[in-house]
Amino acid sequence: MPSSPLRVAVVCMSNVNRSMEAHRVLRKNGFHVRSFGAGSHVRLPGGPRKPPVLYDFSTPYKKMHGDLSSKDQKHYQRNGVLRILRRNERIKPGPERFQECPDPFDVIFTCGQRAYNRVVADLCARDQETWQPVPVVNVDIDDTLEAASLGASIICELCQGLQQAGDTQSRLAELLQAAEEKTGRSFLHTVCFY
């Protein structure tokens, strides 16, 4: 078993719901985890019959919370966005964009096909410095509170299996096969290089 915990990245499009719930669960289970968005902006649902609200990735969760509270507090309380932003504030100050992070990871999980495509494209476009392999695994997770919680559990189980295996590369296919049989889901995955 490796002496240090896996370095895990979890990526959704906005770094608000799915990746942050996985961040919370993985951190609670002792993993070195960072979460990111892969979109161009943080995108939150708009008010009733209004377009989505966009924020720059540099906007702190606390500021988003205050802004949405002043726009329509009842609506954003009812749809759970204010609760999600409060949870996020307890984990880190604000969202981060994957494409701006130079740090290496042992494994990267994405929470949807769009995030997976962007992460893989970004890693392929980077200058490879160490040629260190990194598996990128997509766990398709709907952007709801319930689905984010279930997805975080699946990601955590995969991380625990990888941690016990000690060799991320050799055991990944086996762990994904077992997860597919258990959950009825299929997992896209590839190996990129740093």
# chains A, B, ... in the order shown; residues from 1 in each chain; ligands from 1

$ residues_around --residues "A:Ala115" --least-positions-apart "2" --cutoff "8 Å" --atoms "only C-alpha atoms" --output "PyMOL selection string"
chain A and resi 11-13+37-39+110-113+117-119

$ write_last_selection --atoms "N, CA, C and O atoms" --output "PDB file, in the first residue's frame"
ATOM      1  N   VAL A  11     -13.444  16.990 -11.428  1.00  0.00           N
ATOM      2  CA  VAL A  11     -13.769  18.110 -12.310  1.00  0.00           C
ATOM      3  C   VAL A  11     -15.196  17.987 -12.833  1.00  0.00           C
ATOM      4  O   VAL A  11     -15.574  16.950 -13.389  1.00  0.00           O
ATOM      5  N   CYS A  12     -15.989  19.042 -12.638  1.00  0.00           N
ATOM      6  CA  CYS A  12     -17.276  19.171 -13.326  1.00  0.00           C
ATOM      7  C   CYS A  12     -17.176  20.452 -14.169  1.00  0.00           C
ATOM      8  O   CYS A  12     -16.071  20.933 -14.410  1.00  0.00           O
ATOM      9  N   MET A  13     -18.249  21.013 -14.620  1.00  0.00           N
ATOM     10  CA  MET A  13     -18.143  22.192 -15.478  1.00  0.00           C
ATOM     11  C   MET A  13     -17.960  23.486 -14.683  1.00  0.00           C
ATOM     12  O   MET A  13     -17.238  24.373 -15.106  1.00  0.00           O
ATOM     13  N   GLY A  37     -13.581  23.272 -12.057  1.00  0.00           N
ATOM     14  CA  GLY A  37     -14.541  23.349 -13.147  1.00  0.00           C
ATOM     15  C   GLY A  37     -13.748  23.370 -14.443  1.00  0.00           C
ATOM     16  O   GLY A  37     -12.582  23.738 -14.462  1.00  0.00           O
ATOM     17  N   ALA A  38     -14.386  22.970 -15.529  1.00  0.00           N
ATOM     18  CA  ALA A  38     -13.712  22.973 -16.821  1.00  0.00           C
ATOM     19  C   ALA A  38     -14.384  23.927 -17.812  1.00  0.00           C
ATOM     20  O   ALA A  38     -13.945  24.059 -18.940  1.00  0.00           O
ATOM     21  N   GLY A  39     -15.446  24.601 -17.370  1.00  0.00           N
ATOM     22  CA  GLY A  39     -16.159  25.522 -18.247  1.00  0.00           C
ATOM     23  C   GLY A  39     -15.452  26.864 -18.342  1.00  0.00           C
ATOM     24  O   GLY A  39     -14.432  27.098 -17.692  1.00  0.00           O
ATOM     25  N   THR A 110     -13.801  13.014 -13.806  1.00  0.00           N
ATOM     26  CA  THR A 110     -14.699  14.041 -14.323  1.00  0.00           C
ATOM     27  C   THR A 110     -16.129  13.588 -14.043  1.00  0.00           C
ATOM     28  O   THR A 110     -16.399  12.392 -13.890  1.00  0.00           O
ATOM     29  N   CYS A 111     -17.032  14.561 -13.987  1.00  0.00           N
ATOM     30  CA  CYS A 111     -18.416  14.283 -13.588  1.00  0.00           C
ATOM     31  C   CYS A 111     -19.397  14.400 -14.747  1.00  0.00           C
ATOM     32  O   CYS A 111     -20.588  14.615 -14.535  1.00  0.00           O
ATOM     33  N   GLY A 112     -18.922  14.308 -15.963  1.00  0.00           N
ATOM     34  CA  GLY A 112     -19.789  14.385 -17.132  1.00  0.00           C
ATOM     35  C   GLY A 112     -18.956  14.397 -18.398  1.00  0.00           C
ATOM     36  O   GLY A 112     -17.772  14.754 -18.376  1.00  0.00           O
ATOM     37  N   GLN A 113     -19.581  14.025 -19.496  1.00  0.00           N
ATOM     38  CA  GLN A 113     -18.886  13.906 -20.780  1.00  0.00           C
ATOM     39  C   GLN A 113     -18.233  15.221 -21.219  1.00  0.00           C
ATOM     40  O   GLN A 113     -17.107  15.224 -21.708  1.00  0.00           O
ATOM     41  N   ASN A 117     -14.242  15.596 -21.884  1.00  0.00           N
ATOM     42  CA  ASN A 117     -13.682  16.027 -23.168  1.00  0.00           C
ATOM     43  C   ASN A 117     -12.749  17.221 -22.991  1.00  0.00           C
ATOM     44  O   ASN A 117     -11.675  17.279 -23.596  1.00  0.00           O
ATOM     45  N   ARG A 118     -13.131  18.164 -22.150  1.00  0.00           N
ATOM     46  CA  ARG A 118     -12.300  19.357 -21.940  1.00  0.00           C
ATOM     47  C   ARG A 118     -11.018  19.039 -21.184  1.00  0.00           C
ATOM     48  O   ARG A 118      -9.962  19.574 -21.496  1.00  0.00           O
ATOM     49  N   VAL A 119     -11.106  18.189 -20.190  1.00  0.00           N
ATOM     50  CA  VAL A 119      -9.911  17.814 -19.419  1.00  0.00           C
ATOM     51  C   VAL A 119      -8.921  17.069 -20.310  1.00  0.00           C
ATOM     52  O   VAL A 119      -7.727  17.375 -20.331  1.00  0.00           O
TER      53      VAL A 119
END

$ select_by_dssp --residues "stretch 19-171 of chain A" --states "alpha helix (DSSP H)" --output "PyMOL selection string"
chain A and resi 19-28+61-78+81-91+113-125+145-165+168-171

$ write_last_selection --atoms "C-alpha atoms" --output "PDB file, in the first residue's frame"
ATOM      1  CA  SER A  19     -17.097  18.156  -8.011  1.00  0.00           C
ATOM      2  CA  MET A  20     -17.557  19.902  -4.663  1.00  0.00           C
ATOM      3  CA  GLU A  21     -19.625  17.071  -3.172  1.00  0.00           C
ATOM      4  CA  ALA A  22     -16.950  14.598  -4.296  1.00  0.00           C
ATOM      5  CA  HIS A  23     -14.287  16.950  -2.838  1.00  0.00           C
ATOM      6  CA  ARG A  24     -16.122  16.923   0.510  1.00  0.00           C
ATOM      7  CA  VAL A  25     -16.492  13.125   0.596  1.00  0.00           C
ATOM      8  CA  LEU A  26     -12.933  12.371  -0.522  1.00  0.00           C
ATOM      9  CA  ARG A  27     -11.406  14.841   1.947  1.00  0.00           C
ATOM     10  CA  LYS A  28     -13.485  13.307   4.745  1.00  0.00           C
ATOM     11  CA  TYR A  61     -18.594  31.310  -3.194  1.00  0.00           C
ATOM     12  CA  LYS A  62     -19.497  33.790  -0.453  1.00  0.00           C
ATOM     13  CA  LYS A  63     -19.910  36.585  -3.001  1.00  0.00           C
ATOM     14  CA  MET A  64     -22.109  34.363  -5.216  1.00  0.00           C
ATOM     15  CA  HIS A  65     -24.230  33.535  -2.153  1.00  0.00           C
ATOM     16  CA  GLY A  66     -24.690  37.215  -1.325  1.00  0.00           C
ATOM     17  CA  ASP A  67     -25.469  38.136  -4.915  1.00  0.00           C
ATOM     18  CA  LEU A  68     -28.103  35.422  -5.373  1.00  0.00           C
ATOM     19  CA  SER A  69     -29.620  36.156  -1.940  1.00  0.00           C
ATOM     20  CA  SER A  70     -30.101  39.781  -2.953  1.00  0.00           C
ATOM     21  CA  LYS A  71     -31.637  38.791  -6.322  1.00  0.00           C
ATOM     22  CA  ASP A  72     -34.197  36.211  -5.128  1.00  0.00           C
ATOM     23  CA  GLN A  73     -33.415  34.605  -1.775  1.00  0.00           C
ATOM     24  CA  LYS A  74     -36.579  32.479  -1.610  1.00  0.00           C
ATOM     25  CA  HIS A  75     -36.021  30.997  -5.051  1.00  0.00           C
ATOM     26  CA  TYR A  76     -32.356  30.135  -4.417  1.00  0.00           C
ATOM     27  CA  GLN A  77     -33.163  28.685  -0.999  1.00  0.00           C
ATOM     28  CA  ARG A  78     -35.920  26.554  -2.472  1.00  0.00           C
ATOM     29  CA  VAL A  81     -28.253  26.677  -4.518  1.00  0.00           C
ATOM     30  CA  LEU A  82     -27.698  28.770  -1.363  1.00  0.00           C
ATOM     31  CA  ARG A  83     -27.158  25.607   0.693  1.00  0.00           C
ATOM     32  CA  ILE A  84     -24.660  24.293  -1.879  1.00  0.00           C
ATOM     33  CA  LEU A  85     -22.728  27.587  -1.853  1.00  0.00           C
ATOM     34  CA  ARG A  86     -22.583  27.554   1.979  1.00  0.00           C
ATOM     35  CA  ARG A  87     -21.221  23.977   1.901  1.00  0.00           C
ATOM     36  CA  ASN A  88     -18.634  25.041  -0.669  1.00  0.00           C
ATOM     37  CA  GLU A  89     -17.470  27.978   1.481  1.00  0.00           C
ATOM     38  CA  ARG A  90     -16.584  25.495   4.229  1.00  0.00           C
ATOM     39  CA  ILE A  91     -14.395  23.534   1.795  1.00  0.00           C
ATOM     40  CA  GLN A 113     -18.886  13.906 -20.780  1.00  0.00           C
ATOM     41  CA  ARG A 114     -18.345  17.635 -21.457  1.00  0.00           C
ATOM     42  CA  ALA A 115     -15.921  17.972 -18.537  1.00  0.00           C
ATOM     43  CA  TYR A 116     -14.135  14.760 -19.591  1.00  0.00           C
ATOM     44  CA  ASN A 117     -13.682  16.027 -23.168  1.00  0.00           C
ATOM     45  CA  ARG A 118     -12.300  19.357 -21.940  1.00  0.00           C
ATOM     46  CA  VAL A 119      -9.911  17.814 -19.419  1.00  0.00           C
ATOM     47  CA  VAL A 120      -8.534  15.323 -21.952  1.00  0.00           C
ATOM     48  CA  ALA A 121      -8.174  18.056 -24.613  1.00  0.00           C
ATOM     49  CA  ASP A 122      -6.393  20.326 -22.121  1.00  0.00           C
ATOM     50  CA  LEU A 123      -3.971  17.618 -20.982  1.00  0.00           C
ATOM     51  CA  CYS A 124      -3.200  16.651 -24.592  1.00  0.00           C
ATOM     52  CA  ALA A 125      -2.495  20.298 -25.475  1.00  0.00           C
ATOM     53  CA  LEU A 145     -27.991  17.076  -5.114  1.00  0.00           C
ATOM     54  CA  GLU A 146     -28.999  13.405  -4.942  1.00  0.00           C
ATOM     55  CA  ALA A 147     -26.985  12.398  -8.011  1.00  0.00           C
ATOM     56  CA  ALA A 148     -23.940  14.364  -6.765  1.00  0.00           C
ATOM     57  CA  SER A 149     -24.071  12.466  -3.473  1.00  0.00           C
ATOM     58  CA  LEU A 150     -24.295   9.078  -5.210  1.00  0.00           C
ATOM     59  CA  GLY A 151     -21.546  10.028  -7.675  1.00  0.00           C
ATOM     60  CA  ALA A 152     -19.265  11.132  -4.833  1.00  0.00           C
ATOM     61  CA  SER A 153     -19.717   7.704  -3.195  1.00  0.00           C
ATOM     62  CA  ILE A 154     -18.795   5.915  -6.440  1.00  0.00           C
ATOM     63  CA  ILE A 155     -15.693   8.092  -6.886  1.00  0.00           C
ATOM     64  CA  CYS A 156     -14.686   7.513  -3.259  1.00  0.00           C
ATOM     65  CA  GLU A 157     -15.008   3.725  -3.633  1.00  0.00           C
ATOM     66  CA  LEU A 158     -12.859   3.825  -6.774  1.00  0.00           C
ATOM     67  CA  CYS A 159     -10.237   5.920  -4.954  1.00  0.00           C
ATOM     68  CA  GLN A 160     -10.199   3.501  -2.035  1.00  0.00           C
ATOM     69  CA  GLY A 161      -9.652   0.607  -4.437  1.00  0.00           C
ATOM     70  CA  LEU A 162      -6.844   2.464  -6.206  1.00  0.00           C
ATOM     71  CA  GLN A 163      -5.234   3.396  -2.889  1.00  0.00           C
ATOM     72  CA  GLN A 164      -5.262  -0.227  -1.732  1.00  0.00           C
ATOM     73  CA  ALA A 165      -3.911  -1.454  -5.075  1.00  0.00           C
ATOM     74  CA  THR A 168      -3.099   3.014 -10.192  1.00  0.00           C
ATOM     75  CA  GLN A 169      -2.396   1.916 -13.766  1.00  0.00           C
ATOM     76  CA  SER A 170      -2.549  -1.852 -13.380  1.00  0.00           C
ATOM     77  CA  ARG A 171      -5.695  -2.049 -11.247  1.00  0.00           C
TER      78      ARG A 171
END

$ closest_residue --among "A:Tyr55, A:Phe187, A:Tyr194, A:Phe36" --to "A:Ala9" --atoms "only C-alpha atoms"
A:Phe36

$ decode --residues "stretch 86-167 of chain A" --atoms "C-alpha atoms" --output "PDB file, in the first residue's frame"
ATOM      1  CA  ARG A  86     -22.583  27.554   1.979  1.00  0.00           C
ATOM      2  CA  ARG A  87     -21.221  23.977   1.901  1.00  0.00           C
ATOM      3  CA  ASN A  88     -18.634  25.041  -0.669  1.00  0.00           C
ATOM      4  CA  GLU A  89     -17.470  27.978   1.481  1.00  0.00           C
ATOM      5  CA  ARG A  90     -16.584  25.495   4.229  1.00  0.00           C
ATOM      6  CA  ILE A  91     -14.395  23.534   1.795  1.00  0.00           C
ATOM      7  CA  LYS A  92     -12.522  26.311  -0.045  1.00  0.00           C
ATOM      8  CA  PRO A  93     -12.904  30.045  -0.830  1.00  0.00           C
ATOM      9  CA  GLY A  94     -14.024  29.808  -4.451  1.00  0.00           C
ATOM     10  CA  PRO A  95     -14.171  27.769  -7.635  1.00  0.00           C
ATOM     11  CA  GLU A  96     -11.034  26.888  -9.569  1.00  0.00           C
ATOM     12  CA  ARG A  97     -10.595  26.178 -13.265  1.00  0.00           C
ATOM     13  CA  PHE A  98      -8.794  22.954 -14.199  1.00  0.00           C
ATOM     14  CA  GLN A  99      -7.118  24.471 -17.239  1.00  0.00           C
ATOM     15  CA  GLU A 100      -5.272  26.931 -14.968  1.00  0.00           C
ATOM     16  CA  CYS A 101      -3.829  24.285 -12.612  1.00  0.00           C
ATOM     17  CA  PRO A 102      -0.301  23.036 -13.408  1.00  0.00           C
ATOM     18  CA  ASP A 103      -0.197  20.535 -10.517  1.00  0.00           C
ATOM     19  CA  PRO A 104       0.107  16.797 -11.209  1.00  0.00           C
ATOM     20  CA  PHE A 105      -2.435  14.248  -9.939  1.00  0.00           C
ATOM     21  CA  ASP A 106      -2.425  10.466  -9.589  1.00  0.00           C
ATOM     22  CA  VAL A 107      -5.963  10.220 -10.986  1.00  0.00           C
ATOM     23  CA  ILE A 108      -8.501  12.691 -12.384  1.00  0.00           C
ATOM     24  CA  PHE A 109     -12.258  12.080 -12.205  1.00  0.00           C
ATOM     25  CA  THR A 110     -14.699  14.041 -14.323  1.00  0.00           C
ATOM     26  CA  CYS A 111     -18.416  14.283 -13.588  1.00  0.00           C
ATOM     27  CA  GLY A 112     -19.789  14.385 -17.132  1.00  0.00           C
ATOM     28  CA  GLN A 113     -18.886  13.906 -20.780  1.00  0.00           C
ATOM     29  CA  ARG A 114     -18.345  17.635 -21.457  1.00  0.00           C
ATOM     30  CA  ALA A 115     -15.921  17.972 -18.537  1.00  0.00           C
ATOM     31  CA  TYR A 116     -14.135  14.760 -19.591  1.00  0.00           C
ATOM     32  CA  ASN A 117     -13.682  16.027 -23.168  1.00  0.00           C
ATOM     33  CA  ARG A 118     -12.300  19.357 -21.940  1.00  0.00           C
ATOM     34  CA  VAL A 119      -9.911  17.814 -19.419  1.00  0.00           C
ATOM     35  CA  VAL A 120      -8.534  15.323 -21.952  1.00  0.00           C
ATOM     36  CA  ALA A 121      -8.174  18.056 -24.613  1.00  0.00           C
ATOM     37  CA  ASP A 122      -6.393  20.326 -22.121  1.00  0.00           C
ATOM     38  CA  LEU A 123      -3.971  17.618 -20.982  1.00  0.00           C
ATOM     39  CA  CYS A 124      -3.200  16.651 -24.592  1.00  0.00           C
ATOM     40  CA  ALA A 125      -2.495  20.298 -25.475  1.00  0.00           C
ATOM     41  CA  ARG A 126      -0.061  20.850 -22.569  1.00  0.00           C
ATOM     42  CA  ASP A 127       3.677  20.545 -22.961  1.00  0.00           C
ATOM     43  CA  GLN A 128       4.560  17.161 -21.478  1.00  0.00           C
ATOM     44  CA  GLU A 129       7.321  17.764 -18.958  1.00  0.00           C
ATOM     45  CA  THR A 130       7.638  14.499 -17.045  1.00  0.00           C
ATOM     46  CA  TRP A 131       5.651  12.093 -19.249  1.00  0.00           C
ATOM     47  CA  GLN A 132       4.018  10.924 -16.042  1.00  0.00           C
ATOM     48  CA  PRO A 133       0.804   9.020 -16.884  1.00  0.00           C
ATOM     49  CA  VAL A 134      -2.477  10.107 -15.309  1.00  0.00           C
ATOM     50  CA  PRO A 135      -5.732   8.201 -15.750  1.00  0.00           C
ATOM     51  CA  VAL A 136      -8.787  10.341 -16.501  1.00  0.00           C
ATOM     52  CA  VAL A 137     -12.045   8.601 -15.560  1.00  0.00           C
ATOM     53  CA  ASN A 138     -15.518   9.911 -16.310  1.00  0.00           C
ATOM     54  CA  VAL A 139     -18.315   9.144 -13.849  1.00  0.00           C
ATOM     55  CA  ASP A 140     -21.487  10.515 -15.453  1.00  0.00           C
ATOM     56  CA  ILE A 141     -23.348  12.384 -12.718  1.00  0.00           C
ATOM     57  CA  ASP A 142     -26.553  14.381 -13.219  1.00  0.00           C
ATOM     58  CA  ASP A 143     -26.337  17.886 -11.775  1.00  0.00           C
ATOM     59  CA  THR A 144     -28.704  17.321  -8.836  1.00  0.00           C
ATOM     60  CA  LEU A 145     -27.991  17.076  -5.114  1.00  0.00           C
ATOM     61  CA  GLU A 146     -28.999  13.405  -4.942  1.00  0.00           C
ATOM     62  CA  ALA A 147     -26.985  12.398  -8.011  1.00  0.00           C
ATOM     63  CA  ALA A 148     -23.940  14.364  -6.765  1.00  0.00           C
ATOM     64  CA  SER A 149     -24.071  12.466  -3.473  1.00  0.00           C
ATOM     65  CA  LEU A 150     -24.295   9.078  -5.210  1.00  0.00           C
ATOM     66  CA  GLY A 151     -21.546  10.028  -7.675  1.00  0.00           C
ATOM     67  CA  ALA A 152     -19.265  11.132  -4.833  1.00  0.00           C
ATOM     68  CA  SER A 153     -19.717   7.704  -3.195  1.00  0.00           C
ATOM     69  CA  ILE A 154     -18.795   5.915  -6.440  1.00  0.00           C
ATOM     70  CA  ILE A 155     -15.693   8.092  -6.886  1.00  0.00           C
ATOM     71  CA  CYS A 156     -14.686   7.513  -3.259  1.00  0.00           C
ATOM     72  CA  GLU A 157     -15.008   3.725  -3.633  1.00  0.00           C
ATOM     73  CA  LEU A 158     -12.859   3.825  -6.774  1.00  0.00           C
ATOM     74  CA  CYS A 159     -10.237   5.920  -4.954  1.00  0.00           C
ATOM     75  CA  GLN A 160     -10.199   3.501  -2.035  1.00  0.00           C
ATOM     76  CA  GLY A 161      -9.652   0.607  -4.437  1.00  0.00           C
ATOM     77  CA  LEU A 162      -6.844   2.464  -6.206  1.00  0.00           C
ATOM     78  CA  GLN A 163      -5.234   3.396  -2.889  1.00  0.00           C
ATOM     79  CA  GLN A 164      -5.262  -0.227  -1.732  1.00  0.00           C
ATOM     80  CA  ALA A 165      -3.911  -1.454  -5.075  1.00  0.00           C
ATOM     81  CA  GLY A 166      -0.868   0.767  -4.821  1.00  0.00           C
ATOM     82  CA  ASP A 167      -0.490   0.777  -8.613  1.00  0.00           C
TER      83      ASP A 167
END
